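Asks: Sharing my_file_27.txt below, compact mmCIF, C-alpha atoms:
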```
# COMPACT_ATOMS: atom_id res chain seq x y z
CA MET A 29 203.90 145.77 134.64
CA LEU A 30 201.81 144.97 131.66
CA CYS A 31 204.82 143.50 129.92
CA VAL A 32 205.52 141.21 132.88
CA ALA A 33 201.97 139.91 132.85
CA LEU A 34 202.11 139.18 129.14
CA LEU A 35 205.42 137.33 129.56
CA LEU A 36 204.01 135.15 132.38
CA GLN A 37 201.00 134.22 130.31
CA ALA A 38 203.07 133.44 127.27
CA GLY A 39 205.29 131.11 129.35
CA ALA A 40 202.36 129.04 130.78
CA PRO A 41 201.47 125.82 128.93
CA PRO A 42 198.24 125.90 126.84
CA PRO A 43 195.14 124.32 128.40
CA THR A 44 194.30 120.84 127.22
CA ALA A 45 191.29 118.56 127.56
CA ALA A 46 193.11 116.52 130.19
CA THR A 47 194.09 119.51 132.20
CA PRO A 48 191.32 122.07 132.23
CA PRO A 49 192.15 125.55 133.11
CA VAL A 50 192.09 126.60 136.70
CA GLY A 51 188.50 127.07 137.91
CA TRP A 52 187.10 124.80 135.24
CA THR A 53 185.25 121.75 136.53
CA ASP A 54 183.75 118.88 134.59
CA TYR A 55 180.05 118.55 134.79
CA PRO A 56 178.80 116.10 135.74
CA PRO A 57 181.62 115.18 138.06
CA PRO A 58 183.24 111.81 137.29
CA ALA A 59 181.84 110.26 140.47
CA TRP A 60 178.28 111.12 139.46
CA GLN A 61 176.34 108.32 137.84
CA ALA A 62 173.24 109.07 135.78
CA PRO A 63 170.18 107.26 137.18
CA ALA A 64 169.19 104.21 135.27
CA PRO A 65 166.37 104.88 132.81
CA PRO A 66 163.02 103.50 133.91
CA PRO A 67 162.29 100.06 132.55
CA PRO A 68 160.24 100.21 129.33
CA PRO A 69 156.59 99.33 129.66
CA PRO A 70 155.80 95.74 128.77
CA VAL A 71 155.30 95.42 125.07
CA GLU A 72 151.85 94.20 123.95
CA ASP A 73 152.01 90.89 122.31
CA GLU A 74 150.84 92.02 118.91
CA ALA A 75 150.53 88.51 117.72
CA ARG A 76 147.83 87.75 120.33
CA PRO A 77 144.35 88.08 118.68
CA GLU A 78 141.52 90.16 120.15
CA THR A 79 138.98 88.36 122.25
CA LYS A 80 136.26 89.17 119.72
CA GLN A 81 136.76 90.53 116.25
CA ARG A 82 134.26 91.84 113.81
CA VAL A 83 132.82 89.18 111.60
CA GLU A 84 131.83 89.91 108.06
CA HIS A 85 128.63 88.00 107.43
CA THR A 86 127.40 86.71 104.12
CA PHE A 87 123.95 85.89 105.43
CA LEU A 88 121.80 86.50 108.49
CA LEU A 89 118.92 84.36 109.70
CA ARG A 90 116.68 85.58 112.46
CA ALA A 91 113.70 84.37 114.46
CA GLY A 92 111.61 86.68 116.58
CA LEU A 93 108.86 86.15 119.13
CA GLY A 94 107.00 89.11 120.47
CA VAL A 95 103.98 91.33 120.56
CA GLY A 96 102.33 93.46 117.91
CA PHE A 97 100.52 96.50 119.25
CA LEU A 98 97.76 97.10 116.73
CA ARG A 99 97.49 100.32 114.83
CA PRO A 100 94.43 102.37 115.66
CA SER A 101 91.75 102.59 112.99
CA ALA A 102 88.21 103.80 112.54
CA HIS A 103 86.97 100.22 112.83
CA ASP A 104 88.81 99.90 116.14
CA GLU A 105 86.48 102.53 117.54
CA VAL A 106 83.49 100.56 116.29
CA LEU A 107 84.82 97.40 117.94
CA GLU A 108 85.35 99.27 121.18
CA ALA A 109 81.81 100.64 121.04
CA ASP A 110 80.57 97.05 120.66
CA GLY A 111 82.62 95.97 123.68
CA TYR A 112 85.80 94.60 122.13
CA ASP A 113 89.14 96.11 123.03
CA LEU A 114 91.56 94.33 120.75
CA ASP A 115 94.87 96.14 121.03
CA SER A 116 97.63 93.55 120.61
CA ARG A 117 98.51 90.18 119.19
CA ALA A 118 101.24 87.57 119.75
CA GLU A 119 103.65 87.26 116.85
CA LEU A 120 106.28 84.94 115.43
CA VAL A 121 108.58 86.15 112.64
CA LEU A 122 111.22 84.29 110.64
CA ALA A 123 113.54 86.09 108.23
CA GLY A 124 116.60 85.47 106.14
CA ALA A 125 118.85 87.89 104.32
CA GLY A 126 121.98 87.67 102.21
CA VAL A 127 124.57 90.43 102.22
CA VAL A 128 124.66 91.44 98.59
CA ALA A 129 126.79 94.57 98.58
CA GLY A 130 128.94 95.86 101.39
CA ARG A 131 126.62 96.47 104.27
CA VAL A 132 123.38 95.96 102.37
CA ALA A 133 121.39 92.78 102.83
CA LEU A 134 118.43 91.67 100.79
CA GLY A 135 116.03 89.19 102.29
CA ALA A 136 112.55 87.93 102.98
CA TYR A 137 110.35 87.49 106.01
CA VAL A 138 107.31 85.47 107.02
CA GLY A 139 105.27 85.88 110.15
CA ILE A 140 102.10 84.85 111.89
CA GLY A 141 100.11 86.62 114.56
CA ARG A 142 97.05 86.05 116.66
CA GLY A 143 95.14 88.27 119.04
CA THR A 144 91.92 87.89 120.99
CA ALA A 145 89.55 90.09 122.96
CA SER A 146 86.94 88.73 125.34
CA PRO A 147 84.70 91.29 127.03
CA SER A 148 83.59 88.65 129.52
CA SER A 149 84.22 84.97 129.92
CA GLU A 150 80.87 84.13 128.36
CA ALA A 151 80.80 86.54 125.44
CA PRO A 152 81.94 85.51 121.97
CA THR A 153 85.65 86.13 121.56
CA LEU A 154 86.88 88.48 118.87
CA ARG A 155 89.87 86.94 117.13
CA GLN A 156 92.38 88.42 114.75
CA THR A 157 94.79 86.19 112.86
CA VAL A 158 97.39 87.37 110.36
CA VAL A 159 99.89 85.73 108.04
CA ARG A 160 102.59 88.04 106.70
CA ALA A 161 105.23 87.58 104.01
CA GLY A 162 107.41 89.98 102.12
CA THR A 163 110.82 91.30 101.22
CA GLU A 164 113.17 93.51 103.18
CA ILE A 165 116.29 95.51 102.55
CA SER A 166 118.57 95.92 105.53
CA LEU A 167 121.56 98.05 106.29
CA VAL A 168 123.91 95.91 108.38
CA LEU A 169 125.97 97.93 110.83
CA GLN A 170 128.51 96.74 113.38
CA PRO A 171 129.28 99.60 115.77
CA SER A 172 131.42 97.20 117.81
CA ALA A 173 132.77 93.70 117.50
CA THR A 174 129.89 92.35 119.56
CA THR A 175 126.99 94.37 118.25
CA THR A 176 125.11 94.22 115.00
CA LEU A 177 122.36 96.56 113.92
CA LEU A 178 119.84 95.98 111.17
CA LEU A 179 117.60 98.68 109.82
CA GLY A 180 115.58 99.07 106.69
CA PRO A 181 112.21 98.96 105.00
CA GLU A 182 109.82 96.05 104.53
CA LEU A 183 107.25 95.47 101.81
CA GLY A 184 104.93 92.50 101.62
CA MET A 185 101.44 91.09 101.71
CA LEU A 186 99.31 90.36 104.73
CA GLN A 187 96.35 88.04 104.98
CA GLY A 188 94.23 88.96 107.95
CA THR A 189 91.02 87.63 109.41
CA LEU A 190 88.78 89.16 112.03
CA SER A 191 86.03 86.95 113.42
CA VAL A 192 83.67 86.49 116.36
CA GLN A 193 82.17 83.14 115.39
CA GLY A 194 85.31 81.50 114.03
CA ASP A 195 84.28 81.95 110.43
CA GLY A 196 85.51 85.39 109.39
CA ARG A 197 86.49 86.42 105.89
CA SER A 198 90.17 86.66 105.05
CA GLN A 199 91.43 89.92 103.66
CA THR A 200 94.65 90.17 101.66
CA VAL A 201 96.26 93.60 101.78
CA LEU A 202 99.56 95.33 101.15
CA GLU A 203 101.84 95.66 104.15
CA TYR A 204 104.68 98.16 104.34
CA GLY A 205 106.87 99.65 107.01
CA GLY A 206 110.32 99.33 108.51
CA LYS A 207 112.34 97.78 111.27
CA LEU A 208 115.31 98.41 113.52
CA GLY A 209 117.08 95.57 115.27
CA ALA A 210 119.92 95.57 117.79
CA TYR A 211 121.64 92.25 118.43
CA PHE A 212 124.48 91.30 120.75
CA ARG A 213 126.94 88.56 120.00
CA VAL A 214 126.80 85.57 122.32
CA SER A 215 129.21 83.15 120.60
CA ASP A 216 132.69 83.40 119.08
CA ALA A 217 133.04 80.47 116.79
CA PRO A 218 131.23 80.64 113.50
CA PRO A 219 128.37 80.49 112.90
CA VAL A 220 127.93 83.49 115.15
CA TRP A 221 124.84 83.76 117.32
CA TYR A 222 123.28 87.01 118.44
CA LEU A 223 120.48 87.83 120.84
CA GLY A 224 118.60 91.07 120.81
CA SER A 225 115.42 92.87 120.00
CA THR A 226 113.69 94.03 116.84
CA LEU A 227 111.40 97.01 116.70
CA GLY A 228 109.19 97.31 113.65
CA TYR A 229 106.29 99.41 112.48
CA THR A 230 104.01 98.36 109.64
CA LEU A 231 100.83 99.59 108.04
CA ALA A 232 98.30 97.30 106.39
CA PRO A 233 95.15 99.28 105.65
CA ALA A 234 92.08 97.25 104.78
CA ASP A 235 88.41 97.64 103.99
CA PRO A 236 85.90 96.93 106.76
CA PRO A 237 86.17 93.26 107.78
CA GLY A 238 82.38 92.95 107.58
CA ALA A 239 79.78 94.67 105.44
CA LEU A 240 79.29 97.32 108.11
CA GLY A 241 81.78 99.18 110.22
CA ARG A 242 84.72 101.25 109.06
CA ASP A 243 88.13 100.83 107.48
CA TYR A 244 90.51 98.61 109.41
CA ASP A 245 94.28 98.33 109.68
CA TYR A 246 96.15 95.10 110.36
CA GLY A 247 99.41 97.01 110.86
CA ALA A 248 101.19 97.10 114.19
CA LEU A 249 104.12 98.24 116.24
CA HIS A 250 106.15 95.05 116.53
CA VAL A 251 108.37 94.42 119.53
CA ASP A 252 110.21 91.12 119.26
CA PHE A 253 112.82 89.19 121.19
CA THR A 254 115.10 88.00 118.42
CA VAL A 255 117.72 85.32 117.84
CA VAL A 256 120.08 85.92 114.91
CA LEU A 257 122.42 83.46 113.23
CA GLY A 258 125.16 85.07 111.17
CA GLY A 259 127.14 83.05 108.66
CA MET B 18 73.06 56.62 120.01
CA GLY B 19 69.75 58.34 120.60
CA LEU B 20 70.65 58.85 124.22
CA LEU B 21 73.94 60.44 123.20
CA LEU B 22 72.15 62.73 120.75
CA GLY B 23 69.71 63.74 123.44
CA VAL B 24 72.48 64.54 125.85
CA VAL B 25 74.18 66.71 123.26
CA VAL B 26 70.99 68.57 122.40
CA CYS B 27 69.98 69.11 126.00
CA SER B 28 73.43 70.22 127.04
CA ALA B 29 73.23 72.83 124.32
CA CYS B 30 70.09 74.27 125.85
CA PHE B 31 71.40 74.16 129.42
CA ASP B 32 74.76 75.66 128.79
CA PHE B 33 75.41 77.65 131.94
CA HIS B 34 78.20 79.56 130.22
CA ASP B 35 75.97 81.20 127.65
CA ALA B 36 76.63 84.85 126.99
CA GLY B 37 74.42 87.29 128.82
CA PRO B 38 72.16 89.89 127.21
CA GLY B 39 74.61 92.63 128.18
CA ASP B 40 77.45 90.91 126.35
CA PRO B 41 78.42 91.85 122.81
CA ARG B 42 76.77 90.25 119.81
CA LEU B 43 73.29 89.79 121.22
CA LEU B 44 72.16 90.63 117.69
CA ASP B 45 74.00 87.53 116.42
CA ARG B 46 72.36 85.33 119.03
CA ALA B 47 68.91 86.83 118.46
CA CYS B 48 69.11 86.52 114.68
CA LEU B 49 70.89 83.17 114.49
CA GLY B 50 68.44 81.58 112.06
CA SER B 51 67.87 83.30 108.77
CA ASP B 52 64.16 83.64 109.55
CA ARG B 53 64.41 84.72 113.16
CA CYS B 54 64.76 88.40 112.39
CA THR B 55 62.42 89.57 109.67
CA THR B 56 62.99 92.56 107.42
CA SER B 57 60.53 94.61 105.48
CA GLY B 58 60.76 97.40 102.94
CA LYS B 59 64.22 98.69 102.09
CA ALA B 60 65.98 96.73 104.78
CA ARG B 61 68.37 93.85 104.34
CA ARG B 62 70.33 91.54 106.50
CA THR B 63 74.10 91.68 106.01
CA THR B 64 77.26 91.17 108.03
CA GLY B 65 78.40 93.41 110.87
CA ILE B 66 81.70 94.10 112.59
CA THR B 67 83.09 90.94 110.99
CA ALA B 68 82.07 88.77 108.08
CA ASP B 69 80.70 86.15 110.48
CA SER B 70 78.51 88.49 112.50
CA VAL B 71 75.06 89.92 111.81
CA GLY B 72 74.14 93.45 110.81
CA PHE B 73 71.28 95.19 109.09
CA GLU B 74 71.13 98.00 106.55
CA LEU B 75 67.94 100.03 106.70
CA GLY B 76 66.83 102.51 104.04
CA PRO B 77 66.86 104.82 102.35
CA GLY B 78 63.28 104.56 101.27
CA GLY B 79 61.86 103.18 104.49
CA GLY B 80 62.47 99.77 106.00
CA SER B 81 62.62 97.93 109.27
CA VAL B 82 63.78 94.79 111.04
CA VAL B 83 61.94 92.98 113.83
CA ILE B 84 64.11 91.19 116.38
CA PRO B 85 62.52 88.58 118.68
CA LEU B 86 63.56 88.61 122.32
CA VAL B 87 62.24 87.04 125.50
CA ALA B 88 61.74 88.68 128.86
CA ASP B 89 63.56 87.56 131.94
CA SER B 90 60.77 86.63 134.36
CA SER B 91 62.75 87.90 137.32
CA SER B 92 62.87 91.44 135.99
CA ASP B 93 60.05 93.90 135.43
CA GLU B 94 62.11 96.83 134.30
CA VAL B 95 63.75 96.20 130.98
CA SER B 96 65.81 98.23 128.56
CA VAL B 97 67.21 97.71 125.13
CA GLU B 98 70.05 99.53 123.41
CA VAL B 99 70.85 99.58 119.71
CA LEU B 100 74.28 100.34 118.21
CA VAL B 101 73.60 102.22 115.04
CA ALA B 102 75.04 104.81 112.66
CA GLY B 103 73.70 106.53 109.57
CA SER B 104 71.86 109.67 108.61
CA GLY B 105 68.43 111.01 109.43
CA LYS B 106 66.43 109.32 112.16
CA VAL B 107 65.94 105.78 113.37
CA ASP B 108 62.82 104.56 115.17
CA VAL B 109 63.08 101.92 117.88
CA SER B 110 59.90 100.51 119.33
CA SER B 111 58.30 97.56 121.05
CA SER B 112 54.58 97.24 121.64
CA GLU B 113 55.19 94.63 124.36
CA LEU B 114 57.33 97.13 126.24
CA SER B 115 55.04 100.04 125.45
CA ALA B 116 58.20 101.79 124.33
CA SER B 117 58.90 103.88 121.28
CA ASP B 118 61.60 106.39 120.57
CA SER B 119 63.26 108.16 117.67
CA PHE B 120 66.93 109.07 117.52
CA THR B 121 68.98 111.33 115.26
CA LEU B 122 71.81 109.43 113.62
CA SER B 123 75.38 110.45 112.85
CA GLU B 124 78.19 108.81 110.91
CA ASP B 125 79.70 107.58 114.17
CA TYR B 126 78.23 104.48 115.75
CA GLU B 127 76.34 105.27 118.94
CA TRP B 128 74.27 103.38 121.46
CA PHE B 129 70.67 104.50 121.81
CA GLN B 130 68.53 103.20 124.65
CA VAL B 131 64.80 102.57 124.95
CA GLY B 132 63.21 101.36 128.14
CA GLY B 133 59.91 100.12 129.36
CA ALA B 134 58.11 97.54 131.41
CA ILE B 135 56.81 94.13 130.44
CA SER B 136 53.05 94.22 129.97
CA GLY B 137 50.94 91.39 131.37
CA SER B 138 49.82 90.20 127.95
CA SER B 139 53.24 89.81 126.42
CA SER B 140 53.77 86.28 127.91
CA GLY B 141 57.51 86.92 127.91
CA SER B 142 57.88 87.40 124.16
CA VAL B 143 59.12 90.80 123.07
CA LYS B 144 59.53 91.98 119.52
CA LEU B 145 61.92 94.87 118.98
CA ARG B 146 61.37 96.88 115.82
CA VAL B 147 64.11 99.09 114.40
CA GLY B 148 63.22 101.08 111.30
CA VAL B 149 63.74 104.19 109.21
CA THR B 150 61.46 106.23 107.01
CA GLY B 151 61.97 108.52 104.03
CA ASP B 152 65.55 109.31 103.17
CA SER B 153 66.91 108.16 106.49
CA ARG B 154 69.54 105.45 106.38
CA ALA B 155 70.78 103.32 109.26
CA GLU B 156 73.36 100.61 109.90
CA LEU B 157 72.34 98.39 112.82
CA LEU B 158 75.45 96.74 114.24
CA ASP B 159 74.41 95.23 117.58
CA ILE B 160 71.90 95.33 120.41
CA ARG B 161 72.23 94.75 124.12
CA ALA B 162 69.55 94.45 126.75
CA ARG B 163 68.76 94.27 130.40
CA GLY B 164 65.89 92.05 131.48
CA LEU B 165 65.66 90.57 127.98
CA ASP B 166 67.55 87.87 126.15
CA HIS B 167 67.56 86.18 122.79
CA ALA B 168 64.58 83.98 122.01
CA GLY B 169 66.22 80.64 122.68
CA CYS B 170 68.92 78.25 121.78
CA SER B 171 69.08 75.97 118.81
CA VAL B 172 71.41 73.34 117.57
CA ALA B 173 72.85 73.82 114.11
CA ALA B 174 74.69 70.51 114.08
CA VAL B 175 75.19 67.66 116.48
CA GLY B 176 77.98 68.48 118.84
CA ARG B 177 78.15 72.11 117.88
CA ARG B 178 76.17 74.84 119.52
CA ALA B 179 75.59 77.98 117.57
CA HIS B 180 75.10 81.21 119.45
```
Kindly transcribe the structure held in the file into structure tokens.

Replies:
Amino acid sequence: MLCVALLLQAGAPPPTAATPPVGWTDYPPPAWQAPAPPPPPPVEDEARPETKQRVEHTFLLRAGLGVGFLRPSAHDEVLEADGYDLDSRAELVLAGAGVVAGRVALGAYVGIGRGTASPSSEAPTLRQTVVRAGTEISLVLQPSATTTLLLGPELGMLQGTLSVQGDGRSQTVLEYGGKLGAYFRVSDAPPVWYLGSTLGYTLAPADPPGALGRDYDYGALHVDFTVVLGG
Amino acid sequence: MGLLLGVVVCSACFDFHDAGPGDPRLLDRACLGSDRCTTSGKARRTTGITADSVGFELGPGGGSVVIPLVADSSSDEVSVEVLVAGSGKVDVSSSELSASDSFTLSEDYEWFQVGGAISGSSSGSVKLRVGVTGDSRAELLDIRARGLDHAGCSVAAVGRRAH
């Protein structure tokens, strides 16, 4: 019996690729068609430029208009006791800086300020006027293509006058402090314009403005609306 | 021309927007002329809260300043305050007001008040005396009053009224 089986198997033709053995089926069957692959996503046009790209500036000019909230001082308390509450002044600041190394800009600033306090409409008005000028070092940061930040210290001189009769004595003192500005790009074509705000804090300690009273400080917390031109 | 000058001078004396006696810097208005407020002893006139305001340094060694004021005829009760700092004591008095008081000073500026009534013989003129004795030292920065005002107006230059 075994010999008969072996003889039958030996007499059968060998399986080929065209004729698979019995029970063998191709997979997938010939009638089956693979689904078409999904269409590829549209390719970004790499040649198209971004709407706004970062701009490397060689210089920055800025103009600010705002308010200086005066630093408290011992003389402030004397003025308050006398009836004058002088706590702020209007300010205008102009500055220019050149980018000298990487993100570091070296520049200068000038500013003027004026504040008044009138206890009543008839009383003499207390007036403070200041003229400021100095140098500044700024770190120029661009966290995005449309935003520029400036931060750094300021050092300069301040000439301040406090008067009630319009004939006060000017005092020239050292002014020092720092600033932080955040500006948002509003134009694409160079030169690039930015709008934003600058926050600064300066100290300018001084002797008493008159023979009596106490030490004064012409420093302030500066809050400015700022226009920046970057070239 | 004379008419114009007269108008300017008179308008200076009838300025209805003049500061009141309760407003700051009555000391400036009262001591406008260099001879209006007289000092004696170790007292000297100087500048106050600003370089264009008036102040007085009194002592040490005894000294005083006399400040001329006028009474408001519509008020019988009057009071005067002085803004002063220093050490020791300061004396504030007025014979016309029959008022006299002494105050202990500190390094901080403080208002001290004296009050009184106008006597019949004062004819509206009131002299306020502020002084120190001994080692006391005082810085007089300002005065303010009720029922009193500075002694009058004057014209320092044509077209410009000085307070």

Asks: For chain B, which residues have at least one atom within 8 Å of chain A, if we go by all atoms listed in the file? Write them as an MDAnalysis selection string, please.

Replies: chainID B and resid 34:37 40:42 63:70 72 100 126:127 156 158:159

Asks: For Lys144 in chain B, find every residue with an atom within 7 Å (counting all atoms listed in the file), except residues of its own chain fewer than 6 positions away, and show them as an MDAnalysis selection string.

Replies: chainID B and resid 83:86 111

Asks: Can you tell me how far CA of Ala161 in chain A sits from CA of Arg131 in chain A, in Å to one decimal?

Replies: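 Spanning CA of Ala161 in chain A to CA of Arg131 in chain A is a straight-line distance of 23.2 Å.
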
Asks: In Å, rounded to a single decimal, give me how far CA of Gln81 in chain A is from CA of Thr174 in chain A.

Replies: 7.8 Å

Asks: Hey, can you check how far CA of Val99 in chain B sits from CA of Ala162 in chain B?

Replies: 8.8 Å

Asks: Return the single residue from B:Gly148, B:Gly164, B:Pro38, B:Pro77 that is closest to Val101 in chain B, with distances computed using only C-alpha atoms.

Replies: B:Gly148

Asks: Could you name the residues that touch Pro100 in chain A at 10 Å or less, counting all atoms listed in the file, but leaving out those on the same chain fewer than 4 positions away, as a PyMOL selection string?

Replies: chain A and resi 104-105+114-115+244-248

Asks: Can you list, as a list in words, every protein, DNA or RNA residue that comes within 7 Å of Gly58 in chain B when you count all atoms listed in the file, leaving out same-chain residues fewer than 4 positions away?

Replies: Gly79, Gly80 and Ser81 of chain B

Asks: Rank B:Val131, B:Leu165, B:Cys54, B:Val149 by their smallest atom-to-atom distance to Glu98 in chain B, using all atoms listed in the file, and report the top residue only.

Replies: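 Checking each of B:Val131, B:Leu165, B:Cys54, B:Val149 against Glu98 in chain B, counting all atoms listed in the file, the winner is B:Val131.
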
Asks: Using only C-alpha atoms, find the one residue out of B:Val87, B:Val95, B:Leu157, B:Ala134 that sits nearest to Arg61 in chain B.

Replies: B:Leu157

Asks: Quick one: residues within 12 Å of range 114-116 of chain B, all atoms listed in the file, excluding same-chain residues fewer than 2 positions away - as a short mmCIF file (atom, residue, chain, number, x, y, z; two decimals) with C-alpha atoms, in the coordinates of the input?

Replies:
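Result written to around.cif:
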```cif
data_model
loop_
_atom_site.label_atom_id
_atom_site.label_comp_id
_atom_site.auth_asym_id
_atom_site.auth_seq_id
_atom_site.Cartn_x
_atom_site.Cartn_y
_atom_site.Cartn_z
CA LEU B 86 63.56 88.61 122.32
CA VAL B 87 62.24 87.04 125.50
CA ALA B 88 61.74 88.68 128.86
CA ASP B 93 60.05 93.90 135.43
CA GLU B 94 62.11 96.83 134.30
CA VAL B 95 63.75 96.20 130.98
CA SER B 96 65.81 98.23 128.56
CA VAL B 97 67.21 97.71 125.13
CA ASP B 108 62.82 104.56 115.17
CA VAL B 109 63.08 101.92 117.88
CA SER B 110 59.90 100.51 119.33
CA SER B 111 58.30 97.56 121.05
CA SER B 112 54.58 97.24 121.64
CA ASP B 118 61.60 106.39 120.57
CA SER B 119 63.26 108.16 117.67
CA GLN B 130 68.53 103.20 124.65
CA VAL B 131 64.80 102.57 124.95
CA GLY B 132 63.21 101.36 128.14
CA GLY B 133 59.91 100.12 129.36
CA ALA B 134 58.11 97.54 131.41
CA ILE B 135 56.81 94.13 130.44
CA SER B 136 53.05 94.22 129.97
CA GLY B 137 50.94 91.39 131.37
CA SER B 138 49.82 90.20 127.95
CA SER B 139 53.24 89.81 126.42
CA SER B 140 53.77 86.28 127.91
CA GLY B 141 57.51 86.92 127.91
CA SER B 142 57.88 87.40 124.16
CA VAL B 143 59.12 90.80 123.07
CA LYS B 144 59.53 91.98 119.52
CA LEU B 145 61.92 94.87 118.98
CA ARG B 146 61.37 96.88 115.82
CA VAL B 147 64.11 99.09 114.40
CA GLY B 164 65.89 92.05 131.48
CA LEU B 165 65.66 90.57 127.98
#
```

Asks: Please determine, counting only C-alpha atoms, which residue among B:Arg46, B:Thr121, B:Val82, B:Ser104 has the shortest atom-to-atom distance to Ala60 in chain B.

Replies: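 Residue with the minimum atom-to-atom distance to Ala60 in chain B: B:Val82.
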
Asks: To box range 151-156 of chain B, take all atoms listed in the file, fit an axis-aligned box, add 8 Å on each side, and give centre and edge lengths in Å to one decimal, as JSON.

Replies:
```
{"center_x": 67.7, "center_y": 105.0, "center_z": 106.5, "size_x": 27.4, "size_y": 24.7, "size_z": 22.7}
```

Asks: Give as a PyMOL selection string the set of residues within 9 Å of the point (125.7, 86.2, 113.0), where distances use the file's coordinates and only C-alpha atoms.

Replies: chain A and resi 83-85+87-89+176+213+215+218-222+256-259

Asks: Under the rule that all atoms listed in the file are counted, which of A:Leu179, A:Leu167, A:Val159, A:Leu98 is the nearest residue to Val128 in chain A?

Replies: A:Leu167
